[in-house]
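Structure file structure29.cif (mmCIF, C-alpha atoms) is printed below.
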data_protein
#
loop_
_atom_site.label_atom_id
_atom_site.label_comp_id
_atom_site.auth_asym_id
_atom_site.auth_seq_id
_atom_site.Cartn_x
_atom_site.Cartn_y
_atom_site.Cartn_z
CA MET M 1 0.00 0.00 0.00
CA ASN M 2 2.89 2.32 0.79
CA ALA M 3 4.32 1.99 -2.71
CA ARG M 4 0.98 2.90 -4.22
CA LYS M 5 0.82 6.02 -2.06
CA HIS M 6 4.14 7.10 -3.49
CA ILE M 7 3.37 6.36 -7.10
CA VAL M 8 0.18 8.38 -7.40
CA PRO M 9 1.67 11.67 -6.11
CA ARG M 10 4.62 11.21 -8.47
CA LEU M 11 2.26 10.90 -11.39
CA TYR M 12 0.49 14.07 -10.36
CA LEU M 13 3.88 15.72 -10.08
CA PHE M 14 4.47 14.68 -13.67
CA TRP M 15 1.27 16.44 -14.70
CA SER M 16 2.31 19.61 -12.92
CA VAL M 17 5.64 19.62 -14.71
CA ALA M 18 4.01 18.79 -18.00
CA LEU M 19 1.50 21.61 -17.77
CA SER M 20 4.25 24.05 -16.82
CA GLY M 21 6.03 22.90 -19.92
CA LEU M 22 2.98 23.68 -21.97
CA VAL M 23 3.09 27.26 -20.75
CA ILE M 24 6.75 27.48 -21.80
CA ALA M 25 5.83 25.90 -25.10
CA ILE M 26 3.28 28.59 -25.79
CA CYS M 27 5.96 31.17 -25.01
CA GLY M 28 8.38 29.85 -27.58
CA CYS M 29 8.77 26.23 -28.59
CA ALA M 30 9.16 27.10 -32.28
CA LEU M 31 12.60 27.04 -33.87
CA SER M 32 14.47 30.32 -33.51
CA PRO M 33 14.89 32.49 -36.62
CA LEU M 34 18.65 31.84 -36.51
CA ALA M 35 18.06 28.09 -36.55
CA ASN M 36 15.73 28.52 -39.51
CA ARG M 37 18.39 30.53 -41.33
CA THR M 38 21.18 28.06 -40.62
CA ALA M 39 19.00 25.27 -42.00
CA ALA M 40 18.31 27.28 -45.16
CA PHE M 41 21.99 28.15 -45.50
CA SER M 42 23.10 24.55 -45.23
CA THR M 43 20.72 23.50 -48.00
CA ALA M 44 22.15 26.17 -50.29
CA ALA M 45 25.74 25.32 -49.29
CA THR M 46 25.27 21.67 -50.20
CA ALA M 47 23.99 22.72 -53.64
CA THR M 48 26.99 25.01 -54.21
CA VAL M 49 29.45 22.29 -53.18
CA THR M 50 27.84 19.93 -55.71
CA GLN M 51 28.08 22.60 -58.43
CA THR M 52 31.75 23.22 -57.74
CA THR M 53 32.54 19.51 -57.87
CA ASN M 54 30.64 19.30 -61.16
CA ALA M 55 32.63 22.26 -62.51
CA TYR M 56 35.95 20.46 -61.91
CA GLN M 57 34.56 17.35 -63.61
CA LEU M 58 33.36 19.43 -66.57
CA VAL M 59 36.80 21.03 -67.01
CA ASN M 60 38.54 17.64 -66.89
CA GLN M 61 36.03 16.07 -69.27
CA THR M 62 36.23 18.89 -71.81
CA TYR M 63 40.04 18.77 -71.71
CA THR M 64 39.87 15.03 -72.45
CA ASP M 65 37.41 15.69 -75.29
CA ALA M 66 39.85 18.26 -76.73
CA GLN M 67 42.72 15.75 -76.49
CA ILE M 68 40.62 13.20 -78.37
CA ALA M 69 39.64 15.74 -81.03
CA THR M 70 43.32 16.63 -81.57
CA LEU M 71 44.29 12.97 -81.71
CA VAL M 72 41.65 12.28 -84.36
CA ALA M 73 42.60 15.34 -86.41
CA THR M 74 46.34 14.69 -86.36
CA TYR M 75 46.51 10.89 -86.13
CA ASP M 76 48.09 10.44 -89.58
CA ARG M 77 50.88 12.97 -88.87
CA THR M 78 51.56 12.61 -85.16
CA PRO M 79 52.25 9.24 -83.54
CA PHE M 80 49.87 8.33 -80.73
CA ASP M 81 51.47 8.85 -77.32
CA ALA M 82 49.53 7.13 -74.54
CA ALA M 83 51.48 9.06 -71.90
CA LYS M 84 49.94 12.32 -73.12
CA ILE M 85 46.44 11.13 -72.30
CA LYS M 86 45.77 12.37 -68.77
CA ASN M 87 43.40 14.51 -66.73
CA TYR M 88 44.02 18.22 -66.81
CA LEU M 89 43.63 18.81 -63.08
CA PRO M 90 46.36 17.08 -61.04
CA GLU M 91 45.02 14.45 -58.65
CA LYS M 92 46.80 15.86 -55.57
CA ASP M 93 45.35 19.36 -56.09
CA LEU M 94 41.92 17.93 -56.79
CA GLU M 95 42.16 15.87 -53.60
CA VAL M 96 42.64 19.02 -51.51
CA ARG M 97 39.55 20.54 -53.14
CA THR M 98 37.53 17.38 -52.55
CA LYS M 99 38.56 17.38 -48.90
CA VAL M 100 37.70 21.05 -48.39
CA LEU M 101 34.38 20.70 -50.23
CA ASP M 102 33.56 17.61 -48.14
CA GLY M 103 34.34 19.71 -45.07
CA LEU M 104 31.97 22.42 -46.24
CA LYS M 105 29.31 19.82 -46.89
CA GLN M 106 29.85 18.30 -43.44
CA TYR M 107 29.58 21.78 -41.90
CA ALA M 108 26.31 22.32 -43.77
CA THR M 109 24.97 18.92 -42.67
CA LEU M 110 25.97 19.47 -39.04
CA LEU M 111 24.31 22.89 -39.09
CA THR M 112 21.10 21.27 -40.32
CA GLU M 113 21.29 18.55 -37.69
CA VAL M 114 22.04 20.97 -34.89
CA SER M 115 19.51 23.61 -35.88
CA GLY M 116 16.81 21.30 -37.24
CA ASN M 117 13.77 19.74 -35.61
CA GLN M 118 15.00 16.12 -35.48
CA PRO M 119 16.14 16.01 -31.81
CA ILE M 120 12.72 17.37 -30.74
CA THR M 121 10.85 14.97 -33.05
CA ASP M 122 12.80 12.03 -31.56
CA LEU M 123 11.97 13.21 -28.08
CA GLU M 124 8.29 13.59 -28.95
CA THR M 125 8.16 10.02 -30.32
CA GLN M 126 9.66 8.66 -27.12
CA THR M 127 7.40 10.73 -24.90
CA ARG M 128 4.33 9.67 -26.87
CA ALA M 129 5.23 6.01 -26.22
CA ALA M 130 5.45 6.74 -22.51
CA GLY M 131 2.12 8.59 -22.64
CA ASP M 132 0.46 5.62 -24.32
CA ALA M 133 1.70 3.43 -21.48
CA LEU M 134 0.09 5.76 -18.94
CA VAL M 135 -3.27 5.66 -20.72
CA LYS M 136 -3.22 1.86 -20.41
CA LEU M 137 -3.21 2.01 -16.63
CA GLN M 138 -6.37 0.01 -15.93
CA GLN M 139 -5.70 -1.24 -12.41
CA ASP M 140 -8.53 -0.73 -9.95
CA ASP M 141 -6.07 0.73 -7.47
CA PHE M 142 -5.46 3.60 -9.87
CA LYS M 143 -9.04 4.70 -10.32
CA GLY M 144 -8.02 8.09 -9.02
CA PHE M 145 -5.51 8.43 -11.80
CA LYS M 146 -7.12 7.95 -15.18
CA ILE M 147 -5.62 9.68 -18.21
CA ASP M 148 -7.60 10.02 -21.36
CA SER M 149 -5.94 10.48 -24.73
CA THR M 150 -6.51 14.28 -24.84
CA GLU M 151 -4.70 14.67 -21.54
CA LYS M 152 -1.96 12.40 -22.78
CA ASP M 153 -1.48 14.47 -25.94
CA LEU M 154 -1.30 17.58 -23.81
CA ALA M 155 1.40 16.03 -21.63
CA VAL M 156 3.39 14.74 -24.58
CA THR M 157 3.35 18.19 -26.17
CA ALA M 158 4.40 19.78 -22.91
CA VAL M 159 7.31 17.42 -22.27
CA ALA M 160 8.49 17.81 -25.87
CA ALA M 161 8.23 21.57 -25.42
CA ILE M 162 10.44 21.48 -22.32
CA GLY M 163 12.98 19.53 -24.34
CA GLY M 164 12.65 22.01 -27.19
CA VAL M 165 13.29 24.96 -24.92
CA LEU M 166 16.37 23.33 -23.40
CA ILE M 167 17.74 22.41 -26.83
CA GLU M 168 17.06 25.92 -28.15
CA HIS M 169 18.87 27.36 -25.15
CA GLU M 170 21.95 25.27 -25.94
CA ARG M 171 21.84 26.36 -29.57
CA ALA M 172 21.48 30.04 -28.72
CA ARG M 173 24.48 29.76 -26.39
CA ALA M 174 26.91 28.02 -28.75
CA LEU M 175 25.82 28.55 -32.36
CA PRO M 176 26.61 32.29 -32.80
CA GLY M 177 30.23 31.78 -31.69
CA ILE M 178 30.65 28.87 -34.08
CA LEU M 179 29.23 30.90 -36.96
CA ASP M 180 31.66 33.73 -36.20
CA ARG M 181 34.63 31.38 -36.03
CA MET M 182 33.65 29.66 -39.26
CA ASN M 183 33.10 32.87 -41.20
CA LYS M 184 36.72 33.63 -42.13
CA PRO M 185 37.53 30.14 -43.43
CA ILE M 186 34.29 30.12 -45.42
CA GLN M 187 35.11 33.53 -46.94
CA ASP M 188 38.65 32.36 -47.77
CA ILE M 189 37.53 29.05 -49.25
CA CYS M 190 34.87 30.63 -51.45
CA ARG M 191 37.29 33.35 -52.63
CA ILE M 192 39.97 30.78 -53.55
CA LEU M 193 37.50 28.50 -55.32
CA GLU M 194 36.17 31.53 -57.22
CA ASP M 195 39.74 32.37 -58.17
CA ASP M 196 40.26 28.78 -59.40
CA ILE M 197 37.43 29.35 -61.86
CA GLY M 198 38.16 32.96 -62.76
CA THR M 199 36.54 34.46 -65.84
CA VAL M 200 37.04 33.81 -69.53
CA GLY M 201 39.92 36.00 -70.68
CA LYS M 202 41.81 35.70 -67.38
CA ALA M 203 43.99 32.75 -66.40
CA GLY M 204 41.90 30.07 -64.70
CA LEU M 205 39.53 27.19 -65.28
CA ALA M 206 36.87 29.24 -67.08
CA SER M 207 39.45 30.20 -69.71
CA GLU M 208 40.70 26.62 -69.91
CA LEU M 209 37.20 25.32 -70.55
CA HIS M 210 36.67 27.96 -73.27
CA LEU M 211 40.04 27.14 -74.83
CA ASP M 212 39.34 23.40 -74.86
CA TYR M 213 36.13 24.01 -76.79
CA ASP M 214 38.05 26.28 -79.20
CA THR M 215 40.53 23.45 -79.71
CA GLN M 216 37.73 20.98 -80.43
CA ILE M 217 36.21 23.40 -82.94
CA ALA M 218 39.57 23.96 -84.68
CA ASP M 219 40.32 20.22 -84.78
CA GLN M 220 36.88 19.42 -86.12
CA GLN M 221 37.41 21.93 -88.95
CA ARG M 222 40.78 20.36 -89.68
CA PHE M 223 39.19 16.89 -89.69
CA ILE M 224 36.57 18.02 -92.21
CA ARG M 225 39.24 19.71 -94.35
CA ASP M 226 41.38 16.56 -94.46
CA ASN M 227 38.61 13.96 -94.81
CA GLY M 228 35.64 15.82 -96.25
CA ALA M 229 36.37 14.78 -99.84
CA SER M 230 36.19 11.08 -99.00
CA MET M 231 32.95 11.40 -96.97
CA SER M 232 29.44 10.72 -98.20
CA VAL M 233 27.04 13.68 -98.20
CA ASP M 234 25.38 12.39 -95.03
CA GLN M 235 28.69 11.80 -93.25
CA ARG M 236 29.81 15.28 -94.20
CA ARG M 237 26.56 16.76 -92.89
CA VAL M 238 27.00 14.95 -89.56
CA GLU M 239 30.56 16.24 -89.18
CA ILE M 240 29.64 19.82 -90.13
CA GLU M 241 26.69 19.76 -87.71
CA LYS M 242 29.12 19.09 -84.90
CA LEU M 243 30.59 22.60 -85.29
CA PRO M 244 27.54 24.65 -84.22
CA ALA M 245 26.82 22.04 -81.52
CA LEU M 246 30.30 22.66 -80.11
CA VAL M 247 29.81 26.43 -80.20
CA LEU M 248 26.53 26.11 -78.30
CA ALA M 249 28.07 23.71 -75.78
CA GLN M 250 30.92 26.18 -75.27
CA ARG M 251 28.46 28.99 -74.50
CA LYS M 252 26.49 26.84 -72.08
CA SER M 253 29.66 25.68 -70.34
CA ASP M 254 30.97 29.24 -70.04
CA GLU M 255 27.67 30.19 -68.45
CA ALA M 256 27.79 27.21 -66.09
CA LEU M 257 31.22 28.08 -64.75
CA ALA M 258 30.31 31.76 -64.43
CA ALA M 259 27.18 30.76 -62.49
CA THR M 260 29.19 28.43 -60.24
CA SER M 261 31.60 31.26 -59.50
CA LYS M 262 28.64 33.51 -58.71
CA SER M 263 27.18 30.85 -56.42
CA LEU M 264 30.44 30.70 -54.49
CA ALA M 265 30.40 34.47 -54.05
CA ALA M 266 26.75 34.31 -52.96
CA LEU M 267 27.54 31.50 -50.51
CA ALA M 268 30.27 33.58 -48.90
CA ALA M 269 27.94 36.58 -48.71
CA ALA M 270 25.13 34.43 -47.26
CA HIS M 271 27.41 33.07 -44.54
CA ALA M 272 28.64 36.57 -43.71
CA SER M 273 25.00 37.67 -43.41
CA LEU M 274 24.22 34.62 -41.31
CA ALA M 275 27.05 35.43 -38.91
CA ALA M 276 26.22 39.14 -38.88
CA THR M 277 22.53 38.59 -38.17
CA LYS M 278 22.99 35.84 -35.59
CA ASN M 279 21.32 37.95 -32.90
CA GLN M 280 18.57 39.37 -35.09
CA LYS M 281 15.06 38.04 -35.27
CA ASP M 282 14.59 38.83 -38.94
CA ALA M 283 17.30 39.21 -41.55
CA PRO M 284 16.10 40.52 -44.92
CA ALA M 285 19.69 40.82 -46.24
CA PHE M 286 20.27 37.16 -45.51
CA LYS M 287 17.04 36.17 -47.21
CA LEU M 288 18.05 38.15 -50.30
CA GLU M 289 21.52 36.55 -50.45
CA LEU M 290 19.98 33.14 -50.04
CA SER M 291 17.28 33.60 -52.63
CA GLU M 292 19.98 34.61 -55.17
CA LEU M 293 22.03 31.60 -54.21
CA VAL M 294 19.12 29.19 -54.54
CA GLN M 295 18.18 30.70 -57.91
CA ASP M 296 21.76 30.27 -59.19
CA ALA M 297 21.92 26.74 -57.83
CA GLN M 298 18.74 25.77 -59.68
CA THR M 299 19.92 27.24 -62.99
CA ILE M 300 23.32 25.66 -62.90
CA GLY M 301 22.16 22.38 -61.37
CA SER M 302 19.92 21.62 -64.33
CA PHE M 303 22.80 22.29 -66.76
CA TYR M 304 25.24 19.94 -64.97
CA ASN M 305 22.48 17.33 -64.72
CA SER M 306 21.88 17.55 -68.47
CA LEU M 307 25.60 16.90 -69.04
CA SER M 308 25.61 13.82 -66.84
CA THR M 309 22.58 12.42 -68.68
CA LYS M 310 24.35 12.89 -72.02
CA LYS M 311 27.49 11.00 -70.92
CA MET R 1 38.36 31.48 -85.24
CA ALA R 2 39.09 31.30 -81.52
CA THR R 3 35.96 32.66 -79.89
CA THR R 4 37.30 35.54 -77.82
CA PRO R 5 34.56 36.51 -75.40
CA SER R 6 33.27 40.02 -74.94
CA SER R 7 33.89 39.67 -71.18
CA THR R 8 37.66 39.94 -71.68
CA PRO R 9 38.74 42.53 -69.14
CA LEU R 10 40.23 45.69 -70.55
CA ALA R 11 41.99 46.64 -67.33
CA GLY R 12 44.44 43.75 -67.78
CA ALA R 13 47.20 46.02 -69.14
CA ALA R 14 48.06 47.13 -65.61
CA ASP R 15 49.01 43.56 -64.68
CA PRO R 16 52.09 42.25 -66.55
CA LYS R 17 50.88 38.66 -66.20
CA GLN R 18 47.52 39.63 -67.63
CA ALA R 19 49.24 41.53 -70.45
CA ALA R 20 51.21 38.40 -71.36
CA TYR R 21 48.05 36.33 -71.12
CA ASP R 22 46.21 38.75 -73.40
CA ALA R 23 49.10 38.67 -75.90
CA LEU R 24 48.99 34.88 -75.99
CA ASN R 25 45.23 34.95 -76.50
CA ALA R 26 45.63 37.39 -79.37
CA LEU R 27 48.26 35.12 -80.94
CA LEU R 28 45.93 32.15 -80.51
CA SER R 29 43.15 33.99 -82.33
CA THR R 30 45.48 34.94 -85.20
CA ALA R 31 46.85 31.40 -85.53
CA SER R 32 43.39 29.88 -85.37
CA ALA R 33 42.10 32.24 -88.04
CA ALA R 34 45.07 31.43 -90.31
CA ALA R 35 44.67 27.68 -89.69
CA THR R 36 41.08 27.66 -90.89
CA ASN R 37 41.31 30.24 -93.64
CA PRO R 38 40.44 28.48 -96.92
CA ALA R 39 42.45 31.10 -98.82
CA ASN R 40 45.65 29.74 -97.28
CA THR R 41 47.44 26.70 -98.63
CA THR R 42 47.16 23.45 -96.71
CA ALA R 43 50.81 23.76 -95.74
CA ALA R 44 50.27 27.29 -94.41
CA GLN R 45 47.19 26.13 -92.54
CA ASP R 46 49.14 23.24 -90.99
CA LYS R 47 51.90 25.61 -89.93
CA ALA R 48 49.28 27.86 -88.31
CA PHE R 49 47.76 24.81 -86.57
CA ASP R 50 51.20 24.02 -85.11
CA VAL R 51 51.55 27.59 -83.83
CA ARG R 52 48.05 27.39 -82.39
CA THR R 53 48.89 24.13 -80.59
CA GLU R 54 52.04 25.70 -79.08
CA VAL R 55 50.21 28.81 -77.89
CA ALA R 56 47.31 26.76 -76.52
CA ALA R 57 49.78 24.67 -74.50
CA GLN R 58 51.23 27.83 -72.96
CA LEU R 59 47.78 29.15 -72.09
CA GLN R 60 46.88 25.78 -70.57
CA ALA R 61 49.97 25.95 -68.38
CA LEU R 62 49.03 29.44 -67.17
CA ASN R 63 45.44 28.37 -66.48
CA LEU R 64 46.65 25.37 -64.52
CA ALA R 65 49.17 27.47 -62.58
CA VAL R 66 46.29 29.42 -61.02
CA PHE R 67 44.66 26.19 -59.87
CA THR R 68 47.78 24.54 -58.49
CA GLY R 69 48.99 27.84 -57.00
CA ASN R 70 45.79 28.10 -54.94
CA THR R 71 46.13 24.65 -53.41
CA VAL R 72 48.33 25.56 -50.41
CA GLN R 73 46.13 28.52 -49.48
CA LEU R 74 43.01 26.41 -49.83
CA GLN R 75 44.50 23.69 -47.65
CA ALA R 76 45.23 26.31 -44.97
CA ALA R 77 41.69 27.70 -45.15
CA GLY R 78 40.34 24.15 -44.86
CA ASP R 79 42.49 23.57 -41.78
CA ASP R 80 41.08 26.78 -40.25
CA MET R 81 37.64 25.15 -40.24
CA ALA R 82 38.79 22.48 -37.81
CA LEU R 83 38.19 24.30 -34.49
CA ALA R 84 34.69 25.49 -35.36
CA MET R 85 33.85 22.02 -36.69
CA THR R 86 34.94 20.45 -33.40
CA GLN R 87 32.74 22.92 -31.51
CA LEU R 88 29.81 22.24 -33.81
CA LYS R 89 30.21 18.49 -33.28
CA ALA R 90 30.34 19.07 -29.51
CA LEU R 91 27.12 21.11 -29.72
CA LYS R 92 25.46 18.29 -31.62
CA THR R 93 26.56 15.79 -28.95
CA GLN R 94 25.28 18.10 -26.21
CA ILE R 95 21.88 18.46 -27.88
CA GLU R 96 21.68 14.70 -28.35
CA ALA R 97 22.58 14.22 -24.67
CA LEU R 98 19.81 16.61 -23.64
CA GLY R 99 17.34 14.74 -25.80
CA ASN R 100 18.51 11.44 -24.34
CA ALA R 101 18.13 12.73 -20.77
CA LEU R 102 14.56 13.75 -21.47
CA LYS R 103 13.92 10.45 -23.20
CA GLU R 104 15.14 8.66 -20.08
CA GLY R 105 12.66 10.70 -18.08
CA ALA R 106 9.91 9.53 -20.38
CA GLU R 107 11.11 5.94 -20.04
CA ILE R 108 10.87 6.24 -16.26
CA LEU R 109 7.19 7.04 -16.70
CA SER R 110 6.78 3.81 -18.68
CA GLY R 111 8.59 2.06 -15.84
CA ILE R 112 6.12 3.46 -13.32
CA ASP R 113 3.31 2.01 -15.41
CA LYS R 114 4.91 -1.44 -15.29
CA ILE R 115 5.51 -1.26 -11.53
CA ALA R 116 1.94 -0.13 -10.96
CA CYS R 117 0.66 -3.06 -12.97
CA GLU R 118 2.82 -5.48 -10.99
CA PHE R 119 1.62 -4.06 -7.66
CA GLY R 120 -1.92 -4.37 -8.90
CA ALA R 121 -1.35 -7.98 -9.83
CA LEU R 122 0.06 -8.69 -6.36
CA GLY R 123 -3.04 -7.15 -4.79
CA LEU R 124 -1.09 -4.41 -3.02
#

Please re-express this file's structure in structure tokens.
Amino acid sequence: MNARKHIVPRLYLFWSVALSGLVIAICGCALSPLANRTAAFSTAATATVTQTTNAYQLVNQTYTDAQIATLVATYDRTPFDAAKIKNYLPEKDLEVRTKVLDGLKQYATLLTEVSGNQPITDLETQTRAAGDALVKLQQDDFKGFKIDSTEKDLAVTAVAAIGGVLIEHERARALPGILDRMNKPIQDICRILEDDIGTVGKAGLASELHLDYDTQIADQQRFIRDNGASMSVDQRRVEIEKLPALVLAQRKSDEALAATSKSLAALAAAHASLAATKNQKDAPAFKLELSELVQDAQTIGSFYNSLSTKK
Amino acid sequence: MATTPSSTPLAGAADPKQAAYDALNALLSTASAAATNPANTTAAQDKAFDVRTEVAAQLQALNLAVFTGNTVQLQAAGDDMALAMTQLKALKTQIEALGNALKEGAEILSGIDKIACEFGALGL
């Protein structure tokens, strides 16, 4: 009998705590604006990392295509040298980029995990299971303590809200400092990756990509000059049609690299805004940066996807 | 024939490297045009193709130099992320620990249910 006397007051104590939690929940169980922004940033960052990786692949692939075009155009004059067939971007330099981009991606993922709703959802699932157990209490000795499902839902919400408040408190304490500390490396990384790409007309990958298309166009013309006379009309048409296709592909690729470079700049700006507005409730500048970034990511993403479908 | 883009910066003259790069690009355009000009003999075209290939190789080397030259700096910037990453991982662990503590609390409630049932069964 003594045990029973102890159990019932403890259950009522639970209700008191749970209802207090509900009050706190009403005051602010929703995710903070900063957490919402970090989640949005990490989505955009992941997209930019993918674009940048695709850009390196595009440069390497186009260089290889140019090598093949030259080989075909000059095969009768120049002996084939297998040693000359290699990727343009050295493996060790590419490895550093892959590692840094993976780091950025991991940062983005961790930001999502830390600022997202998952920990609270997990807690709610667990609490709901406990609440279900309480509803099942059918013993006669507990007639004084009957919980219906509405009360249970109320308690589950309240306990989850307490958890949410505690988690949000931890985030608010640590996240701004982390964002500040991460800002300089992010700015540096984006600036360097932008510099890797550059713009057409300045030394860098954008110019290399443009040049490799020019080489393919020149070699294709040479191929037609040397072999056109021995081709059928249809064969000749097919070979000539490759020229405008190459010009269009060159334009698209130039645009893709320029957009990737722009995305990197936008990512840096978005992170700077994120760090700068860490204590603000609303951040219109951040939203603007992010909307530009997402728009760029969508444009460029569809282009890179179209390339991978062609291959 | 080389498709020089309209975005070519005009301010490059101030930078000697850019000036050299621009000169090479101009040479590439001239060689490419000569290589594909039907008015030229095949031999002259081939000669121009050879020049074009040489110039393109030099431009490729300059383009690659930017990429490889950035690697050390990029590595350093990547290393700078380490501290903040460690702190972010610690925050994640802390949040998970909080969630787990609250989950344990909820499990205790389930435990109370079981105990209550057992007491009931014993007729206490």

Sorted by chain and rising residue number, which residues of stretch 40-59 of chain M lie within 10 Å of stretch 260-267 of chain M, and what are their closest atom pairs and distances in Å to one decimal, counting all atoms listed in the file, as a Markdown table?
| residue | atom | partner | partner_atom | distance |
| --- | --- | --- | --- | --- |
| M:Phe41 | CA | M:Leu267 | CA | 8.2 |
| M:Ser42 | CA | M:Leu267 | CA | 9.8 |
| M:Ala44 | CA | M:Leu267 | CA | 7.6 |
| M:Ala45 | CA | M:Leu267 | CA | 6.6 |
| M:Ala47 | CA | M:Ser263 | CA | 9.2 |
| M:Thr48 | CA | M:Ser263 | CA | 6.2 |
| M:Val49 | CA | M:Leu264 | CA | 8.6 |
| M:Thr50 | CA | M:Thr260 | CA | 9.7 |
| M:Gln51 | CA | M:Thr260 | CA | 6.2 |
| M:Thr52 | CA | M:Thr260 | CA | 6.3 |
| M:Thr53 | CA | M:Thr260 | CA | 9.8 |
| M:Asn54 | CA | M:Thr260 | CA | 9.3 |
| M:Ala55 | CA | M:Thr260 | CA | 7.4 |

(message) If we count only C-alpha atoms and set the cut-off at 10 Å, which residues sit around M:Gly116, ignoring sequence neighbours fewer than 5 positions away in its own chain? Please answer as a list in words.
(response)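 The filter keeps Leu31, Ala35, Asn36, Thr38, Ala39, Leu110, Leu111 and Thr121 of chain M.
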
(message) Calculated over all atoms listed in the file, which of the candidates R:Asp15, R:Glu54, R:Asp46, R:Asp80 has the smallest distance to chain M?
(response) R:Asp80

(request) Excluding stretch 51-53 of chain R and any residue of its chain fewer than 3 positions from it, enumerate the residues within 7 Å of it, using all atoms listed in the file, and give them as number ranges by chain. (result) R: 28, 31-32, 47-48, 56-57

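In this structure, atom CA of M:Ala129 sits 29.1 Å away from atom CA of M:Ala172.
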
(request) Please evaluate the PyMOL selection byres ((chain M and resi 71-79) around 8) against the displayed coordinates and give the resulting residues as a list in words. (result) Gln67, Ile68, Ala69, Thr70, Phe80, Asp81, Asp219, Gln220, Arg222 and Phe223 of chain M

Distance query M:His210 at most 7 Å, only C-alpha atoms, self and fewer than 3 positions along chain excluded, as a compact mmCIF listing (two decimals) with C-alpha atoms, in the coordinates of the input:
# COMPACT_ATOMS: atom_id res chain seq x y z
CA VAL M 200 37.04 33.81 -69.53
CA ALA M 206 36.87 29.24 -67.08
CA SER M 207 39.45 30.20 -69.71
CA TYR M 213 36.13 24.01 -76.79
CA ASP M 214 38.05 26.28 -79.20
CA GLN M 250 30.92 26.18 -75.27
CA ASP M 254 30.97 29.24 -70.04

(request) Please measure the separation of atom CA of M:Thr109 and atom CA of M:Leu89, giving the value in Å to one decimal. (result) 27.7 Å

(message) So that I can see what lies close to stretch 82-94 of chain R, please list as a list in words the residues with an atom at most 8 Å from it, counting all atoms listed in the file and leaving out residues fewer than 4 positions away in the same chain.
(response)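 Skipping anything fewer than 4 positions along the chain leaves Tyr107, Leu110, Leu111, Glu113, Val114, Glu170, Arg171, Ala174, Leu175, Ile178, Leu179, Arg181 and Met182 of chain M; Gly78 and Leu98 of chain R.
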
(message) Neighbouring residues of R:Ala23 were defined as those with any atom within 12 Å, considering only C-alpha atoms; residues of the same chain fewer than 2 positions away were excluded. Please report them as a PyMOL selection string.
(response) (chain M and resi 201-202) or (chain R and resi 12-13+16-21+25-30+55+58-59)

(request) Would you mind reading off the distance between atom CA of M:Leu307 and atom CA of M:Lys92, one decimal, in Å? (result)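 Distance reported for this atom pair: 25.1 Å.
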
(request) Please evaluate the PyMOL selection byres ((chain R and resi 63) around 8) against the displayed coordinates and give the resulting residues as a list in words. (result) Ala203, Gly204, Leu205, Ser207 and Glu208 of chain M; Leu59, Gln60, Ala61, Leu62, Leu64, Ala65, Val66 and Phe67 of chain R

With 5 Å of padding per side, what axis-aligned box (centre and edge lengths, Å, one decimal) covers all the listed atoms of stretch 88-92 of chain M? Give it as AutoDock Vina command-line options.
--center_x 45.2 --center_y 16.6 --center_z -61.2 --size_x 13.2 --size_y 14.4 --size_z 21.2

(request) List the residues matched by the PyMOL selection byres ((chain M and resi 124) around 8) in the displayed structure as an NGL selection string, ordered by chain and then by residue number. (result) :M and (120-123 or 125-128 or 156-157 or 159-160)

(request) Would you kindly identify which residues have an atom no farther than 8 Å from (15.5, 20.3, -22.4), using only C-alpha atoms and the file's own coordinates, and write them out as a list of chain:residue names? (result) M:Ala161, M:Ile162, M:Gly163, M:Gly164, M:Val165, M:Leu166, M:Ile167, R:Leu98, R:Gly99, R:Leu102

With C-alpha atoms retained, output stretch 29-52 of chain R as a compact mmCIF listing (two decimals), in the first residue's frame.
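Listed below is the output, part.txt:
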# COMPACT_ATOMS: atom_id res chain seq x y z
CA SER R 29 43.15 33.99 -82.33
CA THR R 30 45.48 34.94 -85.20
CA ALA R 31 46.85 31.40 -85.53
CA SER R 32 43.39 29.88 -85.37
CA ALA R 33 42.10 32.24 -88.04
CA ALA R 34 45.07 31.43 -90.31
CA ALA R 35 44.67 27.68 -89.69
CA THR R 36 41.08 27.66 -90.89
CA ASN R 37 41.31 30.24 -93.64
CA PRO R 38 40.44 28.48 -96.92
CA ALA R 39 42.45 31.10 -98.82
CA ASN R 40 45.65 29.74 -97.28
CA THR R 41 47.44 26.70 -98.63
CA THR R 42 47.16 23.45 -96.71
CA ALA R 43 50.81 23.76 -95.74
CA ALA R 44 50.27 27.29 -94.41
CA GLN R 45 47.19 26.13 -92.54
CA ASP R 46 49.14 23.24 -90.99
CA LYS R 47 51.90 25.61 -89.93
CA ALA R 48 49.28 27.86 -88.31
CA PHE R 49 47.76 24.81 -86.57
CA ASP R 50 51.20 24.02 -85.11
CA VAL R 51 51.55 27.59 -83.83
CA ARG R 52 48.05 27.39 -82.39
